[in-house]
Amino acid sequence: MTIQEAQQAVDQWIREYGVRYFSELTNMAVLTEEVGELARVIARKYGDQSFKKGEKDNLGEEMADVLWVLLCLANQTGVDLTEELQKSIEKKTRRDSLRHIANPKLQA
């Protein structure tokens with residue numbers, strides 16, 4: 001699935017099952033909540049915390065939840081994420097093409 005197809009699939013789901021998009025402000029709050037849930041899993045899986053009884057390692061599920069809300073926000077604000085991601089890659093390449101390679105902190 002491409003990013004464009006993902007944006008279309010989310011939009012189709014919202015129109016068929018979701019009644020309408022939540023407001024942009026609500027979706028920003030939901031995105032923040034989902035990022036927090038992702039952070040909790042990462043802290044337990046890769047950090048110093050352990051999973052509590054009943055918690056599960058659902059890293060992929062939490063990442064997908066973050067992506068879902070981001071796709072919603074892109075759709076409702078008219079952002080083409082494929083185009084914006086390509087521009088971001090190009091910007092980072094121009095700005096950082098030598099920066100990380102020359103960083104001694106990143107050398108093994």
# chains A, B, ... in the order shown; residues from 1 in each chain; ligands from 1

call {"tool": "closest_atom_pairs", "arguments": {"of": "stretch 51-90 of chain A", "to": "stretch 18-33 of chain A", "cutoff": "10 Å", "atoms": "only C-alpha atoms", "output": "Markdown table"}}
result
| residue | atom | partner | partner_atom | distance |
| --- | --- | --- | --- | --- |
| A:Asp65 | CA | A:Leu31 | CA | 8.3 |
| A:Val66 | CA | A:Leu31 | CA | 6.1 |
| A:Leu67 | CA | A:Leu31 | CA | 8.7 |
| A:Trp68 | CA | A:Leu31 | CA | 8.8 |
| A:Val69 | CA | A:Leu31 | CA | 5.7 |
| A:Leu70 | CA | A:Leu31 | CA | 6.9 |
| A:Cys72 | CA | A:Tyr21 | CA | 7.3 |
| A:Leu73 | CA | A:Glu24 | CA | 6.4 |
| A:Ala74 | CA | A:Glu24 | CA | 9.6 |
| A:Asn75 | CA | A:Tyr21 | CA | 9.2 |
| A:Gln76 | CA | A:Glu24 | CA | 7.4 |
| A:Thr77 | CA | A:Glu24 | CA | 7.9 |

call {"tool": "write_last_selection", "arguments": {"atoms": "C-alpha atoms", "output": "JSON list (two decimals), in the first residue's frame"}}
result
[["chain", "number", "residue", "atom", "x", "y", "z"],
["A", 65, "ASP", "CA", -2.55, 3.89, 15.50],
["A", 66, "VAL", "CA", -0.17, 6.87, 15.25],
["A", 67, "LEU", "CA", -0.11, 6.54, 11.46],
["A", 68, "TRP", "CA", -3.92, 6.30, 11.30],
["A", 69, "VAL", "CA", -4.43, 9.61, 13.09],
["A", 70, "LEU", "CA", -1.66, 11.29, 11.11],
["A", 72, "CYS", "CA", -6.66, 11.57, 9.21],
["A", 73, "LEU", "CA", -5.03, 14.93, 9.90],
["A", 74, "ALA", "CA", -3.41, 14.96, 6.46],
["A", 75, "ASN", "CA", -6.71, 14.18, 4.77],
["A", 76, "GLN", "CA", -8.72, 16.79, 6.59],
["A", 77, "THR", "CA", -6.11, 19.53, 6.10]]

call {"tool": "residues_around", "arguments": {"residues": "A:Thr2", "least_positions_apart": "4", "cutoff": "9 Å", "atoms": "only C-alpha atoms", "output": "PDB file with C-alpha atoms, in the first residue's frame"}}
result
ATOM      1  CA  ALA A   6      -3.362   4.648   2.797  1.00  0.00           C
ATOM      2  CA  GLN A   7      -4.749   8.184   2.855  1.00  0.00           C
ATOM      3  CA  THR A  82       3.536  11.390  -0.432  1.00  0.00           C
TER       4      THR A  82
END

call {"tool": "select_by_dssp", "arguments": {"residues": "chain A", "states": "alpha helix (DSSP H)", "output": "PyMOL selection string"}}
result
chain A and resi 3-17+24-45+59-77+81-96

call {"tool": "closest_residue", "arguments": {"among": "A:Glu37, A:Asp96, A:Glu5, A:Glu90", "to": "A:Glu62", "atoms": "only C-alpha atoms"}}
result
A:Glu37

call {"tool": "closest_residue", "arguments": {"among": "A:Gly60, A:Gly54, A:Ile89, A:Trp13", "to": "A:Ile42", "atoms": "only C-alpha atoms"}}
result
A:Gly60

call {"tool": "closest_residue", "arguments": {"among": "A:Arg95, A:Leu38, A:Asp80, A:Tyr46", "to": "A:Glu61", "atoms": "only C-alpha atoms"}}
result
A:Leu38
